[in-house]
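So this one's start.txt, compact mmCIF, C-alpha atoms:
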# COMPACT_ATOMS: atom_id res chain seq x y z
CA MET A 1 70.38 -8.16 -79.25
CA THR A 2 68.26 -5.61 -77.35
CA ASP A 3 67.37 -4.08 -80.73
CA ILE A 4 66.13 -7.43 -81.99
CA ILE A 5 63.96 -7.99 -78.92
CA LYS A 6 62.58 -4.46 -79.14
CA ALA A 7 61.75 -4.97 -82.85
CA PHE A 8 60.14 -8.33 -82.11
CA VAL A 9 57.94 -6.93 -79.35
CA THR A 10 56.93 -3.83 -81.34
CA GLY A 11 56.09 -5.77 -84.51
CA GLY A 12 54.37 -8.43 -82.43
CA ILE A 13 52.10 -5.92 -80.70
CA ILE A 14 51.08 -4.44 -84.07
CA CYS A 15 50.22 -7.93 -85.35
CA VAL A 16 48.29 -8.74 -82.17
CA ILE A 17 46.13 -5.66 -82.78
CA ALA A 18 45.37 -6.93 -86.31
CA GLN A 19 44.59 -10.44 -85.01
CA LEU A 20 42.20 -9.00 -82.41
CA LEU A 21 40.44 -7.03 -85.16
CA ILE A 22 40.05 -10.25 -87.21
CA ASP A 23 38.82 -12.30 -84.24
CA TYR A 24 36.50 -9.85 -82.52
CA THR A 25 35.17 -7.56 -85.27
CA LYS A 26 33.56 -8.16 -88.63
CA ILE A 27 36.12 -6.02 -90.46
CA THR A 28 37.50 -7.88 -93.49
CA PRO A 29 41.27 -8.46 -93.78
CA ALA A 30 41.49 -6.06 -96.74
CA ARG A 31 39.88 -3.28 -94.69
CA ILE A 32 42.15 -3.99 -91.75
CA MET A 33 45.11 -3.42 -94.06
CA VAL A 34 43.68 -0.10 -95.24
CA ILE A 35 42.99 0.92 -91.63
CA PHE A 36 46.61 0.12 -90.74
CA VAL A 37 48.03 2.24 -93.55
CA VAL A 38 45.76 5.18 -92.69
CA SER A 39 46.54 4.84 -88.97
CA GLY A 40 50.24 4.94 -89.85
CA VAL A 41 49.70 8.19 -91.74
CA ILE A 42 47.79 9.81 -88.87
CA LEU A 43 50.24 8.62 -86.20
CA GLY A 44 53.08 9.79 -88.45
CA VAL A 45 51.60 13.27 -88.77
CA LEU A 46 51.07 13.48 -85.01
CA GLY A 47 54.69 12.51 -84.45
CA ILE A 48 53.71 9.43 -82.47
CA TYR A 49 54.83 6.85 -85.01
CA PRO A 50 58.36 8.24 -85.41
CA ALA A 51 58.73 7.70 -81.66
CA ILE A 52 57.59 4.09 -82.06
CA VAL A 53 60.12 3.64 -84.89
CA GLU A 54 62.81 5.13 -82.67
CA PHE A 55 62.09 2.38 -80.15
CA GLY A 56 61.16 -0.60 -82.30
CA GLY A 57 63.17 -0.09 -85.48
CA ALA A 58 62.23 -2.59 -88.20
CA GLY A 59 59.49 -3.93 -85.93
CA ALA A 60 57.68 -0.65 -86.60
CA THR A 61 58.77 0.15 -90.15
CA ILE A 62 58.06 -3.25 -91.74
CA PRO A 63 54.31 -3.58 -90.84
CA LEU A 64 51.79 -1.64 -92.92
CA THR A 65 51.55 1.12 -90.33
CA GLY A 66 55.21 1.81 -91.12
CA PHE A 67 54.25 2.26 -94.78
CA GLY A 68 51.64 4.84 -93.74
CA ASN A 69 54.25 6.59 -91.61
CA THR A 70 56.64 6.72 -94.56
CA LEU A 71 53.91 8.26 -96.74
CA ALA A 72 53.23 10.94 -94.12
CA LYS A 73 56.91 11.68 -93.61
CA GLY A 74 57.48 11.96 -97.37
CA VAL A 75 54.59 14.35 -97.86
CA MET A 76 55.71 16.63 -95.02
CA LYS A 77 59.26 16.72 -96.35
CA ALA A 78 58.16 17.43 -99.93
CA VAL A 79 55.79 20.18 -98.86
CA ASN A 80 58.64 21.88 -97.01
CA GLU A 81 60.87 21.64 -100.08
CA THR A 82 58.53 22.24 -103.03
CA GLY A 83 55.31 23.64 -101.57
CA LEU A 84 51.80 22.29 -101.88
CA VAL A 85 52.55 20.04 -104.88
CA GLY A 86 54.48 17.92 -102.38
CA VAL A 87 51.14 16.57 -101.12
CA LEU A 88 50.88 14.70 -104.42
CA THR A 89 54.52 13.78 -104.98
CA GLY A 90 56.06 13.30 -101.54
CA GLY A 91 54.33 10.14 -100.35
CA VAL A 92 55.03 7.96 -103.34
CA LYS A 93 58.54 9.33 -103.67
CA ALA A 94 59.40 8.40 -100.10
CA ALA A 95 57.79 4.97 -100.44
CA ALA A 96 59.27 4.35 -103.92
CA ALA A 97 61.75 1.73 -102.79
CA GLY A 98 59.05 -0.22 -100.94
CA ILE A 99 56.53 -0.06 -103.76
CA SER A 100 59.03 -0.95 -106.49
CA SER A 101 60.49 -3.83 -104.59
CA ALA A 102 57.00 -5.17 -103.79
CA ILE A 103 56.15 -5.16 -107.50
CA THR A 104 59.51 -6.53 -108.64
CA PHE A 105 59.80 -9.32 -106.08
CA GLY A 106 56.09 -10.11 -106.37
CA TYR A 107 56.55 -10.56 -110.10
CA ILE A 108 59.61 -12.75 -109.70
CA MET A 109 57.89 -14.93 -107.10
CA ALA A 110 54.81 -15.26 -109.34
CA ILE A 111 57.05 -16.60 -112.11
CA VAL A 112 59.08 -19.04 -110.06
CA SER A 113 56.40 -20.38 -107.71
CA LYS A 114 52.99 -22.01 -107.85
CA PRO A 115 50.27 -21.44 -105.23
CA LYS A 116 49.48 -24.44 -103.06
CA LEU A 117 47.19 -25.33 -100.19
CA LYS A 118 48.38 -24.12 -96.83
CA MET B 1 2.81 -37.91 -111.62
CA SER B 2 4.14 -35.55 -109.01
CA THR B 3 1.61 -33.78 -106.83
CA ARG B 4 1.92 -30.88 -104.48
CA THR B 5 1.15 -31.05 -100.83
CA GLY B 6 1.05 -28.00 -98.61
CA LYS B 7 2.77 -24.83 -99.70
CA GLN B 8 6.19 -25.93 -100.97
CA THR B 9 6.41 -29.72 -101.01
CA VAL B 10 6.17 -32.06 -103.98
CA VAL B 11 5.16 -35.70 -103.47
CA LEU B 12 6.76 -38.03 -106.01
CA SER B 13 4.13 -40.67 -106.72
CA ASN B 14 6.61 -43.04 -108.39
CA PRO B 15 9.60 -42.19 -106.24
CA PRO B 16 12.82 -42.20 -108.28
CA VAL B 17 15.52 -44.60 -107.15
CA VAL B 18 19.04 -43.73 -106.13
CA ILE B 19 20.82 -46.26 -108.36
CA GLY B 20 24.23 -45.36 -107.03
CA GLY B 21 26.70 -42.64 -106.33
CA ALA B 22 30.37 -41.79 -106.12
CA ALA B 23 32.58 -39.14 -104.58
CA ILE B 24 36.13 -38.02 -105.21
CA VAL B 25 37.78 -35.73 -102.66
CA GLY B 26 41.00 -33.88 -101.99
CA LYS B 27 43.81 -34.68 -99.59
CA LYS B 28 42.49 -32.80 -96.56
CA GLU B 29 39.08 -34.49 -96.88
CA GLY B 30 40.95 -37.76 -97.33
CA ASP B 31 42.58 -37.14 -93.93
CA GLY B 32 39.15 -36.71 -92.34
CA PRO B 33 36.92 -39.16 -90.49
CA LEU B 34 34.98 -40.26 -93.62
CA ALA B 35 38.06 -41.13 -95.69
CA ARG B 36 37.28 -44.80 -96.20
CA TYR B 37 33.90 -44.10 -97.78
CA PHE B 38 35.22 -41.99 -100.65
CA ASP B 39 35.89 -43.61 -104.01
CA GLN B 40 39.11 -41.75 -104.65
CA ILE B 41 41.34 -39.33 -102.77
CA ILE B 42 43.55 -37.03 -104.80
CA ASP B 43 46.82 -35.90 -103.26
CA ASP B 44 47.55 -33.05 -105.63
CA GLU B 45 45.22 -30.03 -105.51
CA TYR B 46 45.97 -29.48 -109.21
CA PHE B 47 44.78 -33.04 -110.02
CA GLY B 48 47.32 -33.14 -112.87
CA GLU B 49 45.86 -30.00 -114.47
CA LYS B 50 47.39 -26.58 -114.95
CA THR B 51 44.97 -24.54 -112.82
CA PHE B 52 42.66 -25.07 -109.84
CA GLU B 53 39.66 -24.32 -112.05
CA LYS B 54 40.58 -27.09 -114.47
CA ALA B 55 41.25 -29.41 -111.54
CA GLU B 56 37.70 -28.85 -110.31
CA SER B 57 36.31 -29.63 -113.77
CA ARG B 58 38.26 -32.85 -113.82
CA LEU B 59 36.86 -33.75 -110.39
CA LEU B 60 33.36 -33.56 -111.88
CA ARG B 61 34.27 -35.47 -115.03
CA ASP B 62 36.01 -38.27 -113.15
CA THR B 63 33.24 -38.49 -110.55
CA LEU B 64 30.63 -38.99 -113.26
CA ALA B 65 32.79 -41.65 -114.90
CA LYS B 66 33.28 -43.39 -111.54
CA THR B 67 29.54 -43.32 -110.82
CA LEU B 68 28.67 -44.78 -114.22
CA GLU B 69 31.31 -47.47 -113.79
CA LYS B 70 29.99 -48.44 -110.34
CA CYS B 71 26.41 -48.60 -111.61
CA GLY B 72 27.30 -50.45 -114.80
CA LYS B 73 25.85 -47.68 -116.96
CA SER B 74 27.20 -45.55 -119.79
CA ALA B 75 26.81 -41.83 -120.44
CA GLN B 76 24.31 -42.63 -123.17
CA ASP B 77 21.92 -44.08 -120.57
CA ILE B 78 21.61 -40.65 -118.91
CA ASP B 79 18.89 -38.28 -120.09
CA PHE B 80 20.05 -35.24 -118.13
CA ILE B 81 23.16 -34.16 -116.30
CA ILE B 82 22.15 -31.60 -113.68
CA SER B 83 25.17 -29.93 -112.21
CA GLY B 84 26.61 -26.69 -110.90
CA ASP B 85 29.51 -25.32 -108.88
CA LEU B 86 30.90 -22.16 -107.28
CA GLN B 87 33.01 -20.82 -110.12
CA ASN B 88 31.91 -17.77 -112.10
CA GLN B 89 29.05 -18.68 -114.44
CA CYS B 90 29.17 -22.31 -113.16
CA THR B 91 32.04 -23.01 -115.50
CA ALA B 92 33.55 -26.01 -113.72
CA ALA B 93 30.47 -27.99 -114.78
CA SER B 94 30.14 -26.48 -118.27
CA TYR B 95 33.75 -27.23 -119.15
CA ALA B 96 33.62 -30.65 -117.53
CA PHE B 97 30.86 -31.95 -119.75
CA ARG B 98 31.65 -30.28 -123.06
CA ASP B 99 32.68 -33.61 -124.56
CA VAL B 100 29.78 -35.62 -123.13
CA GLN B 101 26.85 -35.54 -125.53
CA VAL B 102 24.11 -35.50 -122.89
CA SER B 103 21.40 -32.89 -122.19
CA PHE B 104 22.92 -30.58 -119.61
CA ILE B 105 21.11 -28.42 -117.07
CA GLY B 106 23.48 -26.05 -115.31
CA ILE B 107 22.23 -24.79 -111.96
CA TYR B 108 23.46 -22.46 -109.25
CA GLY B 109 22.39 -23.02 -105.68
CA ALA B 110 25.73 -22.32 -104.00
CA CYS B 111 26.20 -25.03 -101.35
CA SER B 112 22.58 -26.16 -101.75
CA THR B 113 23.33 -27.36 -105.28
CA MET B 114 23.30 -31.09 -104.46
CA ALA B 115 19.78 -30.96 -103.02
CA GLU B 116 18.65 -28.69 -105.84
CA SER B 117 19.94 -31.07 -108.52
CA LEU B 118 18.42 -34.09 -106.74
CA ALA B 119 15.07 -32.28 -106.46
CA LEU B 120 15.07 -31.34 -110.14
CA GLY B 121 16.29 -34.77 -111.25
CA ALA B 122 13.65 -36.55 -109.18
CA MET B 123 10.84 -34.34 -110.51
CA LEU B 124 12.01 -34.80 -114.12
CA ILE B 125 11.93 -38.57 -113.70
CA ASP B 126 8.61 -38.67 -111.86
CA GLY B 127 7.15 -36.28 -114.42
CA GLY B 128 8.09 -38.62 -117.25
CA ALA B 129 10.69 -36.35 -118.82
CA ALA B 130 13.61 -38.65 -118.03
CA GLU B 131 14.47 -42.25 -117.26
CA MET B 132 17.78 -41.48 -115.65
CA THR B 133 19.48 -38.32 -114.39
CA ALA B 134 22.96 -37.66 -113.05
CA CYS B 135 22.73 -35.17 -110.17
CA MET B 136 26.06 -33.78 -109.16
CA THR B 137 28.15 -30.85 -107.98
CA SER B 138 31.67 -29.92 -107.00
CA SER B 139 33.75 -27.39 -105.14
CA HIS B 140 37.47 -26.78 -104.82
CA PHE B 141 39.05 -24.95 -101.92
CA CYS B 142 41.53 -23.06 -104.08
CA SER B 143 39.10 -21.95 -106.81
CA ALA B 144 36.48 -20.96 -104.22
CA GLU B 145 38.97 -18.87 -102.25
CA ARG B 146 39.77 -16.96 -105.42
CA GLN B 147 36.08 -16.63 -106.29
CA PHE B 148 34.71 -15.52 -102.93
CA ARG B 149 37.57 -14.28 -100.80
CA TYR B 150 41.18 -13.73 -101.84
CA PRO B 151 43.49 -15.60 -104.20
CA LEU B 152 45.67 -18.07 -102.30
CA GLU B 153 48.77 -16.13 -103.33
CA PHE B 154 47.59 -13.28 -101.10
CA GLY B 155 47.83 -15.46 -97.99
CA SER B 156 44.95 -13.88 -96.09
CA GLN B 157 44.18 -14.79 -92.47
CA ARG B 158 41.04 -16.78 -91.69
CA THR B 159 38.35 -15.51 -89.29
CA PRO B 160 36.95 -17.52 -86.33
CA THR B 161 33.55 -18.14 -87.98
CA SER B 162 34.97 -19.09 -91.36
CA GLN B 163 34.58 -22.57 -92.83
CA TRP B 164 36.83 -24.58 -95.08
CA THR B 165 35.60 -25.14 -98.65
CA VAL B 166 35.65 -28.85 -99.42
CA THR B 167 37.65 -30.00 -102.42
CA GLY B 168 35.54 -32.72 -103.93
CA ALA B 169 32.74 -33.76 -106.21
CA GLY B 170 29.78 -36.01 -105.58
CA CYS B 171 27.39 -37.62 -108.05
CA ILE B 172 24.15 -39.51 -107.58
CA LEU B 173 22.51 -41.41 -110.39
CA LEU B 174 18.72 -41.33 -110.20
CA GLY B 175 16.59 -43.74 -112.20
CA LYS B 176 12.97 -44.63 -112.75
CA GLN B 177 13.60 -48.23 -111.79
CA GLY B 178 16.13 -50.15 -109.78
CA ASN B 179 17.12 -50.99 -106.26
CA GLY B 180 18.10 -48.46 -103.66
CA PRO B 181 16.73 -45.66 -101.53
CA ARG B 182 13.99 -43.59 -103.14
CA ILE B 183 13.33 -39.88 -103.22
CA THR B 184 9.77 -39.59 -101.96
CA HIS B 185 9.38 -35.88 -101.24
CA VAL B 186 11.03 -32.67 -102.31
CA THR B 187 10.68 -29.35 -100.51
CA CYS B 188 12.27 -26.48 -102.41
CA GLY B 189 13.04 -23.66 -100.01
CA ALA B 190 12.23 -19.99 -100.30
CA ILE B 191 14.97 -17.40 -100.04
CA ILE B 192 15.50 -16.25 -96.47
CA ASP B 193 17.58 -13.19 -95.67
CA MET B 194 18.02 -12.31 -92.01
CA GLY B 195 20.28 -9.36 -92.76
CA ILE B 196 23.66 -10.94 -91.98
CA LYS B 197 26.36 -9.02 -93.83
CA ASP B 198 29.44 -10.90 -92.69
CA ALA B 199 30.44 -13.07 -95.66
CA ASN B 200 32.68 -15.04 -93.28
CA ASN B 201 29.72 -16.22 -91.22
CA MET B 202 27.84 -18.38 -93.69
CA GLY B 203 26.70 -20.89 -91.08
CA GLY B 204 24.89 -18.23 -89.08
CA ALA B 205 23.36 -16.74 -92.22
CA MET B 206 22.12 -20.07 -93.56
CA ALA B 207 20.72 -21.59 -90.34
CA PRO B 208 17.38 -19.66 -90.54
CA ALA B 209 16.89 -20.88 -94.14
CA ALA B 210 17.46 -24.48 -93.03
CA CYS B 211 15.03 -24.00 -90.14
CA ASP B 212 12.38 -22.53 -92.46
CA THR B 213 12.64 -25.37 -94.98
CA ILE B 214 12.65 -28.11 -92.32
CA LEU B 215 9.59 -26.67 -90.57
CA ARG B 216 7.86 -26.17 -93.93
CA HIS B 217 8.61 -29.77 -94.92
CA LEU B 218 7.23 -31.14 -91.65
CA GLN B 219 4.12 -28.99 -91.90
CA ASP B 220 3.49 -29.83 -95.56
CA THR B 221 3.92 -33.59 -95.08
CA GLY B 222 2.32 -33.79 -91.66
CA ARG B 223 5.39 -35.65 -90.45
CA SER B 224 7.19 -35.06 -87.18
CA LEU B 225 10.96 -34.91 -87.03
CA ASP B 226 10.95 -38.32 -85.31
CA TYR B 227 9.83 -39.82 -88.63
CA TYR B 228 13.40 -39.45 -89.86
CA ASP B 229 16.40 -41.45 -88.67
CA LEU B 230 18.56 -38.52 -89.64
CA VAL B 231 18.12 -34.90 -90.62
CA LEU B 232 21.27 -33.91 -92.45
CA THR B 233 22.01 -30.25 -93.15
CA GLY B 234 24.45 -29.29 -95.88
CA ASP B 235 27.23 -27.28 -94.43
CA LEU B 236 26.21 -25.04 -91.56
CA GLY B 237 29.39 -25.91 -89.68
CA SER B 238 29.64 -26.05 -85.89
CA PHE B 239 28.49 -22.45 -85.41
CA GLY B 240 25.48 -22.65 -87.76
CA ARG B 241 24.61 -26.09 -86.42
CA SER B 242 24.18 -24.79 -82.88
CA ILE B 243 22.08 -21.87 -84.18
CA LEU B 244 19.79 -24.22 -86.13
CA THR B 245 19.39 -26.50 -83.11
CA ARG B 246 18.28 -23.50 -81.05
CA LEU B 247 15.96 -22.17 -83.79
CA LEU B 248 14.26 -25.56 -84.13
CA LYS B 249 13.84 -25.85 -80.36
CA ASP B 250 12.33 -22.36 -80.27
CA ASN B 251 9.78 -23.66 -82.77
CA GLY B 252 8.93 -26.69 -80.66
CA VAL B 253 10.99 -29.23 -82.63
CA ASP B 254 13.79 -30.97 -80.76
CA PRO B 255 16.41 -32.27 -83.21
CA GLU B 256 18.77 -33.77 -80.60
CA GLY B 257 20.00 -37.25 -81.45
CA ARG B 258 18.82 -37.22 -85.05
CA TYR B 259 20.50 -34.16 -86.46
CA GLU B 260 23.91 -33.99 -88.14
CA ASP B 261 25.67 -31.49 -90.36
CA CYS B 262 27.89 -32.50 -93.29
CA GLY B 263 30.25 -29.59 -92.55
CA CYS B 264 30.92 -31.03 -89.09
CA MET B 265 31.25 -34.62 -90.35
CA ILE B 266 33.71 -34.35 -93.22
CA PHE B 267 36.54 -32.91 -91.13
CA ASP B 268 37.81 -33.53 -87.63
CA LEU B 269 37.20 -30.04 -86.24
CA GLU B 270 39.62 -30.54 -83.36
CA ARG B 271 42.50 -31.84 -85.42
CA GLN B 272 42.25 -30.38 -88.91
CA ASP B 273 42.33 -26.60 -88.37
CA VAL B 274 39.21 -25.92 -90.42
CA VAL B 275 37.74 -23.46 -87.87
CA CYS B 276 33.97 -24.11 -88.03
CA GLY B 277 33.98 -27.08 -90.44
CA GLY B 278 33.54 -27.80 -94.12
CA SER B 279 31.52 -25.89 -96.68
CA GLY B 280 31.09 -25.66 -100.44
CA CYS B 281 28.87 -27.60 -102.82
CA GLY B 282 31.23 -30.56 -102.61
CA CYS B 283 30.76 -30.86 -98.84
CA SER B 284 27.20 -32.17 -98.69
CA ALA B 285 27.56 -33.80 -102.14
CA THR B 286 30.46 -36.03 -101.12
CA VAL B 287 29.10 -36.85 -97.64
CA LEU B 288 25.75 -37.83 -99.15
CA SER B 289 27.04 -39.69 -102.21
CA ALA B 290 29.62 -41.69 -100.30
CA TYR B 291 28.85 -42.02 -96.60
CA ILE B 292 25.08 -41.56 -96.23
CA LEU B 293 24.26 -43.61 -99.32
CA GLU B 294 26.39 -46.46 -97.96
CA LEU B 295 24.57 -46.34 -94.59
CA MET B 296 21.21 -46.35 -96.37
CA ASN B 297 22.18 -49.29 -98.57
CA GLN B 298 23.25 -51.17 -95.43
CA LYS B 299 19.84 -50.25 -93.92
CA LYS B 300 21.58 -48.60 -90.98
CA LEU B 301 19.63 -45.51 -91.98
CA ASN B 302 16.23 -45.85 -93.60
CA ARG B 303 14.75 -42.36 -93.62
CA VAL B 304 16.96 -39.37 -94.22
CA LEU B 305 15.94 -35.77 -94.74
CA PHE B 306 18.77 -34.19 -96.70
CA VAL B 307 18.71 -30.41 -96.32
CA ALA B 308 21.51 -28.72 -98.27
CA THR B 309 21.90 -25.03 -97.51
CA GLY B 310 23.26 -22.30 -99.75
CA ALA B 311 24.37 -18.69 -99.35
CA LEU B 312 23.34 -16.96 -102.55
CA HIS B 313 25.52 -13.87 -102.38
CA SER B 314 28.34 -12.72 -104.60
CA PRO B 315 31.45 -10.75 -103.59
CA THR B 316 30.16 -7.78 -105.61
CA TRP B 317 26.88 -7.55 -103.71
CA ILE B 318 28.67 -7.90 -100.36
CA GLN B 319 31.07 -5.10 -101.32
CA GLN B 320 28.02 -2.99 -102.15
CA GLY B 321 26.88 -3.43 -98.55
CA GLU B 322 24.11 -6.00 -99.09
CA SER B 323 23.30 -8.89 -96.78
CA VAL B 324 23.44 -12.61 -97.61
CA PRO B 325 20.26 -14.21 -99.04
CA CYS B 326 20.13 -17.90 -98.14
CA ILE B 327 18.27 -20.99 -99.22
CA ALA B 328 17.77 -24.60 -98.17
CA HIS B 329 16.27 -27.40 -100.21
CA ALA B 330 15.05 -30.60 -98.57
CA VAL B 331 15.00 -34.02 -100.20
CA SER B 332 13.45 -36.98 -98.43
CA LEU B 333 15.39 -40.23 -99.04
CA GLU B 334 13.68 -43.39 -97.87
CA ASN B 335 14.23 -47.13 -98.05
CA VAL B 336 10.78 -48.20 -99.18
CA SER B 337 10.06 -51.88 -98.73

Please express the file's structure as C-alpha cells.
Amino acid sequence: MTDIIKAFVTGGIICVIAQLLIDYTKITPARIMVIFVVSGVILGVLGIYPAIVEFGGAGATIPLTGFGNTLAKGVMKAVNETGLVGVLTGGVKAAAAGISSAITFGYIMAIVSKPKLK
Amino acid sequence: MSTRTGKQTVVLSNPPVVIGGAAIVGKKEGDGPLARYFDQIIDDEYFGEKTFEKAESRLLRDTLAKTLEKCGKSAQDIDFIISGDLQNQCTAASYAFRDVQVSFIGIYGACSTMAESLALGAMLIDGGAAEMTACMTSSHFCSAERQFRYPLEFGSQRTPTSQWTVTGAGCILLGKQGNGPRITHVTCGAIIDMGIKDANNMGGAMAPAACDTILRHLQDTGRSLDYYDLVLTGDLGSFGRSILTRLLKDNGVDPEGRYEDCGCMIFDLERQDVVCGGSGCGCSATVLSAYILELMNQKKLNRVLFVATGALHSPTWIQQGESVPCIAHAVSLENVS
C-alpha cells in the first residue's frame, strides 16, 4: 500500500509539472513531451532519476521522464560492455520493450477503436 | 453599381437582400444556449459518414439543401456558391458540391470565411454578375484538430487560452430582390500581424485585426459605433473579446452594451468546458445564419455590423517560427424600410 501511495505521489508531481508548463508557458504539448524525455536522460546520467525510481517505482518509470532515464541507463550499460558503439545501440535496446509494445498496442487499438469527441 | 468610400469600404447601391439562411450544428453546440435557433442538431460527429472530413462535407451539403428548402428555391436558382472551410485545400467545400452543377468559388479566410463570402456574394450581386448567391462555410472540431493541432487519437491536453472549434455549417442566401435584411456596406480588412506566435491564442492574435477593421469601417462610412444595434465579432472568445474591448476604448470608441462575440455566445463558457469559447468558420456562420438572422427578421435587431475574424496561419509556418497573420472582414446588415 505504501508503494502505491509513493507511486501515485511521484507520478502525480511529474504530471503537475507538465500541467504547469501547459498553463503558464507557451510551450506546445509536443515540446513538453520532448523536454520530459531529455530531462529524464539528463537526470538519469546524473544519477538523480534512479533515486526517484527507487522511491516512486512505477510512478517514476511510467511517465516520459522514465523513458529518458531508461535510454540513459541503457547507453551507459552498453558503453561499459561494448565500448563507444553502445552510444548508438544501448538506448533503443534498453527501451525495446516499451517501444515495441507502444507500436503493437497502438496498432491493435487503431484497428479495434474509432476516435470520438471527448 | 457598387462604389467605394474611404480607403477600404464598398457601398452597395442596390443592397442585396438576405433571403434566408440555415445552420446545422453538432451535439455540443446543440447543448449550448442557442440550441433552439439551429435548424438541425446532429448527435453523431461522423454524421453517418466514414470520416470526420466527409462528415464536414455533408454538413455543408445538407445546410445548403436546408437553406434552399426554407427559401423555396432550387440549386438552379443560384448563380454562385461561395464557400470555404479549414481543411487542407478547402476540400470540405469542394467535395460537398461536386454533384451540384453551380458555379463554385472556393475561398479561404479561416474563421473570417463567412464575412468574406457574404462580402463577395453581395458585391457580385450589386455588380450585376449574379442574381442569387449562396454564401456559406463550415468547420468540424475533429477535422480541425487534425488539421491545426493534433489528431484526436493523440489525446493532447488543451491550453488555457485555447478555443473549441465549432462543429457546424451555416448558409445565407443572398438575392437581388426579396424581403429581409440588406447588406449595405462591406469593409474588407487588411492583414494585421502583431507578432503573436502562440497558435493556441487565436483570440489575442485576431483582436487587433478586428479593431483595425471596425475603426476603418467607422471612419470610411462616417458612422459612429452607436449607429449599430450590435457589433458582432466572429470568434475572438472571452480572452480576445476583452482585448478588443480595451483596444477600441484606447481608440476612443466604447463598445459596451452593443458588442458581442459569436465565440462567447454559442457555448456556455461556465458549463461546457470550452476554455475561452467557440472558434472555427462554423462558429460565426451558424450564429449569424440562425440566431442573428432570426432577431433581425423579428426586428429585434435592425443594424448589425458582422465582423468575422480569421487567423491566416498554417501549422507549417508556425513550426518554422513565424507569427500569426490575422484578418477581419466587416459586413453591415440593415433592415431598410

Could you give me, as a tab-separated table, a per-residue list for chain B showing, wherever an atom lies at most 7 Å from an atom of chain A, the closest pair of atoms and their distance in Å to one decimal, using all atoms listed in the file and sorting by chain then residue number from low to high?
residue	atom	partner	partner_atom	distance
B:Leu152	CA	A:Pro115	CA	6.4
B:Glu153	CA	A:Pro115	CA	5.8
B:Ser156	CA	A:Pro29	CA	6.9
B:Thr159	CA	A:Ile22	CA	5.9
B:Pro160	CA	A:Asp23	CA	5.9
B:Asp198	CA	A:Lys26	CA	6.4

- Query: CA of Gly234 (chain B) to CA of Gln147 (chain B): how many Å, to one decimal?
  - Reply: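 Here the two named atoms are 20.1 Å from each other.
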
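One distance worth recording is that between CA of Gly310 (chain B) and CA of Gly128 (chain B), which is 28.3 Å.
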
- Item | Neighbour list for Met33 (chain A) as a list in words, cut-off 10 Å, all atoms listed in the file, skip fewer than 4 positions in-chain |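 Here the answer would be Ala18, Thr28, Pro29, Val37, Val38, Ser39, Pro63, Leu64 and Thr65 of chain A.
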
Keeping only C-alpha atoms, write the selected residues as a PDB file, keeping the file's coordinate frame.
ATOM      1  CA  ALA A  18      45.370  -6.930 -86.310  1.00  0.00           C
ATOM      2  CA  THR A  28      37.500  -7.880 -93.490  1.00  0.00           C
ATOM      3  CA  PRO A  29      41.270  -8.460 -93.780  1.00  0.00           C
ATOM      4  CA  VAL A  37      48.030   2.240 -93.550  1.00  0.00           C
ATOM      5  CA  VAL A  38      45.760   5.180 -92.690  1.00  0.00           C
ATOM      6  CA  SER A  39      46.540   4.840 -88.970  1.00  0.00           C
ATOM      7  CA  PRO A  63      54.310  -3.580 -90.840  1.00  0.00           C
ATOM      8  CA  LEU A  64      51.790  -1.640 -92.920  1.00  0.00           C
ATOM      9  CA  THR A  65      51.550   1.120 -90.330  1.00  0.00           C
TER      10      THR A  65
END

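Note that the spacing between CA of Pro315 (chain B) and CA of Ser83 (chain B) amounts to 21.9 Å.
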
- Message: My list of candidates is B:Val231, B:Ile172, B:Cys211, B:Val324. Which is closest to Gly195 (chain B) when distances are computed with only C-alpha atoms?
- Response: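 Among the listed residues, the smallest separation from Gly195 (chain B) belongs to B:Val324.
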
Extract, using only C-alpha atoms, all DNA, RNA and protein residues at most 12 Å from Gln89 (chain B), discarding same-chain residues fewer than 5 positions from it, and format them as a JSON list (two decimals) with C-alpha atoms, in the coordinates of the input.
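Result file follows (around-v2.json):
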[["chain", "number", "residue", "atom", "x", "y", "z"],
["B", 84, "GLY", "CA", 26.61, -26.69, -110.90],
["B", 94, "SER", "CA", 30.14, -26.48, -118.27],
["B", 95, "TYR", "CA", 33.75, -27.23, -119.15],
["B", 106, "GLY", "CA", 23.48, -26.05, -115.31],
["B", 107, "ILE", "CA", 22.23, -24.79, -111.96],
["B", 108, "TYR", "CA", 23.46, -22.46, -109.25],
["B", 109, "GLY", "CA", 22.39, -23.02, -105.68],
["B", 110, "ALA", "CA", 25.73, -22.32, -104.00],
["B", 147, "GLN", "CA", 36.08, -16.63, -106.29],
["B", 314, "SER", "CA", 28.34, -12.72, -104.60]]

- Message: Give me, as a list in words, all polymer residues having an atom no more than 12 Å from Trp317 (chain B), counting all atoms listed in the file and skipping those fewer than 6 positions away in the same chain.
- Response: Phe148, Lys197, Asp198, Ala199, Ser323, Val324 and Pro325 of chain B

- Looking at B:Ile24, B:Ile192, B:Ile183, B:Leu174, which one is nearest to Ile42 (chain B), with distances taken over only C-alpha atoms? B:Ile24

Quick one: contact table of region 160-187 of chain B to region 4-18 of chain B, 7 Å max, nearest atom pair and distance in Å to one decimal per residue, counting all atoms listed in the file, chain and number order, as JSON lines?
{"residue": "B:Ile172", "atom": "CA", "partner": "B:Val18", "partner_atom": "CA", "distance": 6.8}
{"residue": "B:Leu173", "atom": "CA", "partner": "B:Val18", "partner_atom": "CA", "distance": 6.0}
{"residue": "B:Leu174", "atom": "CA", "partner": "B:Val18", "partner_atom": "CA", "distance": 4.7}
{"residue": "B:Gly175", "atom": "CA", "partner": "B:Val17", "partner_atom": "CA", "distance": 5.2}
{"residue": "B:Lys176", "atom": "CA", "partner": "B:Pro16", "partner_atom": "CA", "distance": 5.1}
{"residue": "B:Gln177", "atom": "CA", "partner": "B:Val17", "partner_atom": "CA", "distance": 6.2}
{"residue": "B:Gly178", "atom": "CA", "partner": "B:Val17", "partner_atom": "CA", "distance": 6.2}
{"residue": "B:Asn179", "atom": "CA", "partner": "B:Val17", "partner_atom": "CA", "distance": 6.6}
{"residue": "B:Gly180", "atom": "CA", "partner": "B:Val18", "partner_atom": "CA", "distance": 5.4}
{"residue": "B:Pro181", "atom": "CA", "partner": "B:Val18", "partner_atom": "CA", "distance": 5.5}
{"residue": "B:Arg182", "atom": "CA", "partner": "B:Val17", "partner_atom": "CA", "distance": 4.4}
{"residue": "B:Ile183", "atom": "CA", "partner": "B:Pro15", "partner_atom": "CA", "distance": 5.3}
{"residue": "B:Thr184", "atom": "CA", "partner": "B:Pro15", "partner_atom": "CA", "distance": 5.0}
{"residue": "B:His185", "atom": "CA", "partner": "B:Val11", "partner_atom": "CA", "distance": 4.8}
{"residue": "B:Val186", "atom": "CA", "partner": "B:Val10", "partner_atom": "CA", "distance": 5.2}
{"residue": "B:Thr187", "atom": "CA", "partner": "B:Thr9", "partner_atom": "CA", "distance": 4.3}
